[in-house]
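Each remark here refers to the structure printed beneath this line.
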Amino acid sequence: MTTIRTSHAGSLPRTPELLEANKAKQAQNTARLAGQTVTDADAQHYDELLTASVVDLVQRQRDLGISIPNDGEYGHAMAADFDYGAWWHYSFARTDGLELDEVDKWDAPPVRSAPGAIRLTSFGDRRDRNLFAGVYADENAGTDTGTQPQFPKATGPISYIGHDQVARDIANLKAGLTAAGYDESDGYINSLSPGSASRIANEHYATEEEFMWAWADVLREEYLAITEAGLTVQIDDPSLAENFDQINPAPSFTDYRAFTQIRIDALNHALRGIDPAQVRVHTCWGSWHGPHVTDLPFAEIVDQVLNINASGITFEAANARHEHEWRIWEDTTLPEGKHLIPGIVSHATNVVEHPELVAERIGRFAKLVGPDNVVASTDCGLGGRVHPEIAVAKLQALTEGAALASARF
């Protein structure tokens, strides 16, 4: 019998105590970006709370049967208990050369693209939002993405200043792995991609491409710190697929592939010399709970994603808009040394998947690429997107379903 491994996309629900401490951290970072001098009298308390929280979380993942755990992204402070953006926003505190942007990304004027000249429009002008304006305007519709911090802009050369923070994340995860009886090499830490990072405003670099390559040099330092510590880095790059909805009008697939390839080239530059076996890359279509009818078909970029210097490929495969795309792997050859980490349970519904359905979804991939090349996971992070009790139930269903699927191979 092959034991099918389990993992998740990264973010897990924070404790109430950690959320309160996170809010203070977010306020401090906003003040720093505004040019204010920041002192943190509670730094030691926060660090102690964070360590204890991560150690406890890793043990809970162990108890649930998760094979490949992380720190829940606890080192990436959330602005509130309902926050879809911590996977990205944490980078603001770890990057120099940024200042607060006076233009809100949600209220910024629309930007129009043309064939051969693609530009991202404002967040509020996404095509899905335009099609379902009434839904997105209805605060009771469930499409809100929660509290968002103020966004920064680049006003000078950017550089990485997160060395202490990532070292803290590494130490906390290692402490949790040891206490829970995992091998150190089992753990992973999430880190942002250059393509996703570069979506903030740029007032310093001459071109968008130059800005993106600057982000590649910045984030490489985080990737190196994580992998040199013997851990795996998960590159969070939802923009690879999600950007398609933020281009108005819809681009041709040819233009979009060219637009995306620049971002993949920058990411591979940042990953140069790092063992792909220590890298997994996550892409998705954005984790907000909307209609998503303007999502890009995964088949249009799957070959490009497979060319990223990462062994593990994680993607949404459980939600109602993308579950059918498992059939891609009937015609797409998985390169040697690669493995799939498909979403088997979804962050986009409160309904907890039945273990038999989980086993069925896992089996689809395992039959096509082999059970050793499948790690059952979640579509996106569960933290800040579903209630903590539901998150636990979904992870339990994931591991129970993986056990059922394992018995069938």
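Scheme for the structure tokens: letters A, B, ... for chains in order shown; per-chain residue numbers from 1; ligand numbers from 1 in order shown.
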
Please provide as a short mmCIF file (atom, residue, chain, number, x, y, z; two decimals) with N, CA, C and O atoms, in the first residue's frame all residues within 6 Å of region 2-19 of chain A, with the sequence filter that same-chain residues fewer than 3 positions apart are discarded (counting only C-alpha atoms).
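out37.cif, written as the output of this step:
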```
data_model
loop_
_atom_site.label_atom_id
_atom_site.label_comp_id
_atom_site.auth_asym_id
_atom_site.auth_seq_id
_atom_site.Cartn_x
_atom_site.Cartn_y
_atom_site.Cartn_z
N ASN A 22 -1.35 40.45 16.46
CA ASN A 22 -1.15 40.76 15.05
C ASN A 22 -1.62 42.16 14.71
O ASN A 22 -0.97 42.88 13.93
N ILE A 66 -1.41 15.32 9.33
CA ILE A 66 -0.80 16.05 8.21
C ILE A 66 0.65 15.62 8.06
O ILE A 66 1.44 15.68 9.00
N SER A 67 1.02 15.22 6.85
CA SER A 67 2.38 14.72 6.60
C SER A 67 3.40 15.83 6.46
O SER A 67 4.55 15.69 6.89
N ILE A 68 2.99 16.91 5.80
CA ILE A 68 3.92 18.00 5.49
C ILE A 68 3.34 19.28 6.08
O ILE A 68 2.48 19.94 5.48
N GLY A 72 1.63 27.56 9.79
CA GLY A 72 0.33 28.20 9.64
C GLY A 72 0.40 29.61 9.12
O GLY A 72 -0.60 30.32 9.10
N GLU A 73 1.61 30.04 8.71
CA GLU A 73 1.89 31.43 8.34
C GLU A 73 1.68 32.36 9.53
O GLU A 73 1.39 33.56 9.36
N VAL A 375 0.36 14.78 -3.40
CA VAL A 375 0.21 15.21 -2.00
C VAL A 375 -1.15 15.88 -1.91
O VAL A 375 -1.39 16.91 -2.56
N ALA A 376 -2.06 15.31 -1.14
CA ALA A 376 -3.41 15.86 -1.02
C ALA A 376 -3.37 17.12 -0.15
O ALA A 376 -2.80 17.11 0.95
N SER A 377 -4.02 18.19 -0.63
CA SER A 377 -3.89 19.48 0.05
C SER A 377 -5.22 20.22 0.05
O SER A 377 -6.28 19.65 -0.20
N THR A 378 -5.15 21.50 0.36
CA THR A 378 -6.31 22.39 0.32
C THR A 378 -6.17 23.33 -0.87
O THR A 378 -5.07 23.59 -1.34
N CYS A 380 -6.71 26.63 -1.04
CA CYS A 380 -5.98 27.81 -0.58
C CYS A 380 -5.85 27.72 0.94
O CYS A 380 -6.27 26.72 1.54
N GLY A 381 -5.29 28.76 1.53
CA GLY A 381 -5.19 28.78 2.97
C GLY A 381 -6.56 28.81 3.62
O GLY A 381 -7.50 29.43 3.10
N LEU A 382 -6.69 28.16 4.76
CA LEU A 382 -7.96 28.14 5.49
C LEU A 382 -8.04 29.25 6.52
O LEU A 382 -9.13 29.66 6.91
N GLY A 383 -6.89 29.75 6.96
CA GLY A 383 -6.88 30.80 7.97
C GLY A 383 -7.47 32.09 7.47
O GLY A 383 -7.07 32.60 6.41
N PRO A 388 -12.52 28.53 12.37
CA PRO A 388 -11.51 27.58 12.84
C PRO A 388 -12.03 26.16 13.03
O PRO A 388 -11.32 25.19 12.73
N ALA A 402 -7.45 10.62 2.60
CA ALA A 402 -6.16 10.16 2.09
C ALA A 402 -5.88 8.73 2.54
O ALA A 402 -5.30 7.93 1.77
N SER A 406 -5.25 5.73 0.04
CA SER A 406 -4.00 4.96 0.15
C SER A 406 -4.27 3.47 0.12
O SER A 406 -3.52 2.68 -0.49
N PHE A 409 -4.40 1.78 -3.39
CA PHE A 409 -3.22 1.75 -4.28
C PHE A 409 -2.14 0.85 -3.70
O PHE A 409 -2.07 0.64 -2.52
#
```

Residues of region 223-313 of chain A in helix (DSSP H, G or I), written as a PyMOL selection string: chain A and resi 223-228+239-246+253-270+276-278+298-300+302-306

Spatial neighbours of region 275-278 of chain A, 6 Å, only C-alpha atoms, chain gap at least 5 places, as a list in words: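 Here the qualifying residues turn out to be Thr232, Asn309, Ala310 and Ser311 of chain A.
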
Computed interatomic separation between CA of Asn319 (chain A) and CA of Ser191 (chain A) (Å): 23.7 Å

DSSP-assigned strand (DSSP E or B) members of region 138-364 of chain A, reported as a ChimeraX atom specification: /A:146,152-160,188-192,201-202,232-236,279-282,312-315,339-345

Give me a file of those residues, with N, CA and C atoms, as a short mmCIF file (atom, residue, chain, number, x, y, z; two decimals), in the first residue's frame.
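Saved result, result_24.cif, follows:
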```cif
data_model
loop_
_atom_site.label_atom_id
_atom_site.label_comp_id
_atom_site.auth_asym_id
_atom_site.auth_seq_id
_atom_site.Cartn_x
_atom_site.Cartn_y
_atom_site.Cartn_z
N GLY A 146 -12.52 41.08 3.84
CA GLY A 146 -12.09 41.43 5.18
C GLY A 146 -11.25 42.69 5.26
N PRO A 152 1.43 49.98 0.32
CA PRO A 152 2.57 50.87 0.10
C PRO A 152 2.84 51.06 -1.39
N LYS A 153 3.80 51.90 -1.67
CA LYS A 153 4.32 52.07 -3.02
C LYS A 153 5.84 52.14 -2.91
N ALA A 154 6.52 51.80 -3.98
CA ALA A 154 7.98 51.86 -3.99
C ALA A 154 8.40 53.27 -4.40
N THR A 155 9.13 53.94 -3.52
CA THR A 155 9.59 55.30 -3.81
C THR A 155 11.11 55.39 -3.89
N GLY A 156 11.77 54.26 -3.72
CA GLY A 156 13.23 54.22 -3.81
C GLY A 156 13.66 52.79 -4.08
N PRO A 157 14.96 52.52 -4.13
CA PRO A 157 15.43 51.15 -4.35
C PRO A 157 14.90 50.23 -3.23
N ILE A 158 14.34 49.11 -3.60
CA ILE A 158 13.81 48.19 -2.58
C ILE A 158 14.90 47.20 -2.17
N SER A 159 14.84 46.80 -0.90
CA SER A 159 15.81 45.84 -0.38
C SER A 159 15.15 45.04 0.74
N TYR A 160 15.69 43.87 1.01
CA TYR A 160 15.10 42.98 2.01
C TYR A 160 15.60 43.37 3.39
N TYR A 188 7.63 23.26 5.83
CA TYR A 188 7.76 24.29 4.80
C TYR A 188 7.31 25.65 5.35
N ILE A 189 7.81 26.70 4.73
CA ILE A 189 7.44 28.08 5.07
C ILE A 189 7.03 28.80 3.79
N ASN A 190 5.95 29.54 3.87
CA ASN A 190 5.45 30.29 2.71
C ASN A 190 6.24 31.57 2.49
N SER A 191 6.41 31.93 1.23
CA SER A 191 7.08 33.17 0.88
C SER A 191 6.47 33.71 -0.41
N LEU A 192 6.48 35.00 -0.57
CA LEU A 192 5.83 35.67 -1.68
C LEU A 192 6.65 35.55 -2.97
N ALA A 201 2.21 49.83 -6.22
CA ALA A 201 2.59 50.93 -7.11
C ALA A 201 4.10 51.12 -7.14
N ASN A 202 4.59 51.50 -8.30
CA ASN A 202 6.03 51.72 -8.51
C ASN A 202 6.28 53.15 -8.94
N THR A 232 11.61 23.47 3.28
CA THR A 232 11.09 23.74 1.96
C THR A 232 10.45 25.12 1.95
N VAL A 233 10.61 25.84 0.85
CA VAL A 233 9.93 27.13 0.68
C VAL A 233 8.75 26.92 -0.25
N GLN A 234 7.58 27.41 0.14
CA GLN A 234 6.44 27.45 -0.77
C GLN A 234 6.31 28.86 -1.31
N ILE A 235 6.45 28.99 -2.62
CA ILE A 235 6.31 30.28 -3.27
C ILE A 235 4.82 30.52 -3.53
N ASP A 236 4.27 31.54 -2.92
CA ASP A 236 2.86 31.87 -3.13
C ASP A 236 2.75 32.84 -4.30
N VAL A 279 11.51 23.26 -3.08
CA VAL A 279 10.63 24.34 -3.51
C VAL A 279 9.30 23.77 -3.97
N ARG A 280 8.22 24.39 -3.51
CA ARG A 280 6.89 24.13 -4.06
C ARG A 280 6.28 25.49 -4.40
N VAL A 281 5.49 25.54 -5.45
CA VAL A 281 4.90 26.81 -5.89
C VAL A 281 3.39 26.68 -5.89
N HIS A 282 2.74 27.68 -5.32
CA HIS A 282 1.27 27.68 -5.24
C HIS A 282 0.70 28.76 -6.14
N GLY A 312 7.32 20.76 -6.32
CA GLY A 312 5.90 20.62 -5.99
C GLY A 312 5.06 21.70 -6.65
N ILE A 313 3.93 21.31 -7.22
CA ILE A 313 3.03 22.25 -7.88
C ILE A 313 1.68 22.19 -7.15
N THR A 314 1.29 23.27 -6.47
CA THR A 314 0.04 23.29 -5.75
C THR A 314 -0.96 24.22 -6.43
N PHE A 315 -2.21 23.78 -6.52
CA PHE A 315 -3.21 24.52 -7.28
C PHE A 315 -4.61 24.11 -6.81
N HIS A 339 6.01 16.81 -8.61
CA HIS A 339 4.85 16.15 -8.03
C HIS A 339 3.72 17.16 -7.87
N LEU A 340 2.50 16.67 -7.81
CA LEU A 340 1.33 17.52 -7.72
C LEU A 340 0.86 17.63 -6.27
N ILE A 341 0.41 18.83 -5.92
CA ILE A 341 -0.17 19.08 -4.59
C ILE A 341 -1.54 19.72 -4.83
N PRO A 342 -2.49 18.95 -5.34
CA PRO A 342 -3.79 19.53 -5.71
C PRO A 342 -4.65 19.82 -4.49
N GLY A 343 -5.46 20.86 -4.62
CA GLY A 343 -6.47 21.12 -3.60
C GLY A 343 -7.53 20.04 -3.65
N ILE A 344 -7.75 19.38 -2.54
CA ILE A 344 -8.73 18.29 -2.46
C ILE A 344 -9.92 18.69 -1.61
N VAL A 345 -9.70 19.64 -0.68
CA VAL A 345 -10.80 20.26 0.06
C VAL A 345 -10.71 21.75 -0.19
#
```

Val135 (chain A) surroundings by only C-alpha atoms, 10 Å radius, close-in-sequence under 6 positions cut, as number ranges by chain: A: 129, 141-144, 290-291

Residue among A:Ala266, A:Leu33, A:Ala77, A:Ala348 lying closest to Gly195 (chain A), counting only C-alpha atoms: A:Ala266

Separation of CA of Val103 (chain A) from CA of Glu208 (chain A), in Å and rounded to one decimal: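 CA of Glu208 (chain A) lies 18.2 Å from CA of Val103 (chain A).
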
Nearest to Leu404 (chain A) by atom-to-atom distance, counting only C-alpha atoms, from A:Asp101, A:Val358, A:Tyr90, A:Asp128: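 Of A:Asp101, A:Val358, A:Tyr90, A:Asp128, the one nearest Leu404 (chain A) is A:Val358, counting only C-alpha atoms.
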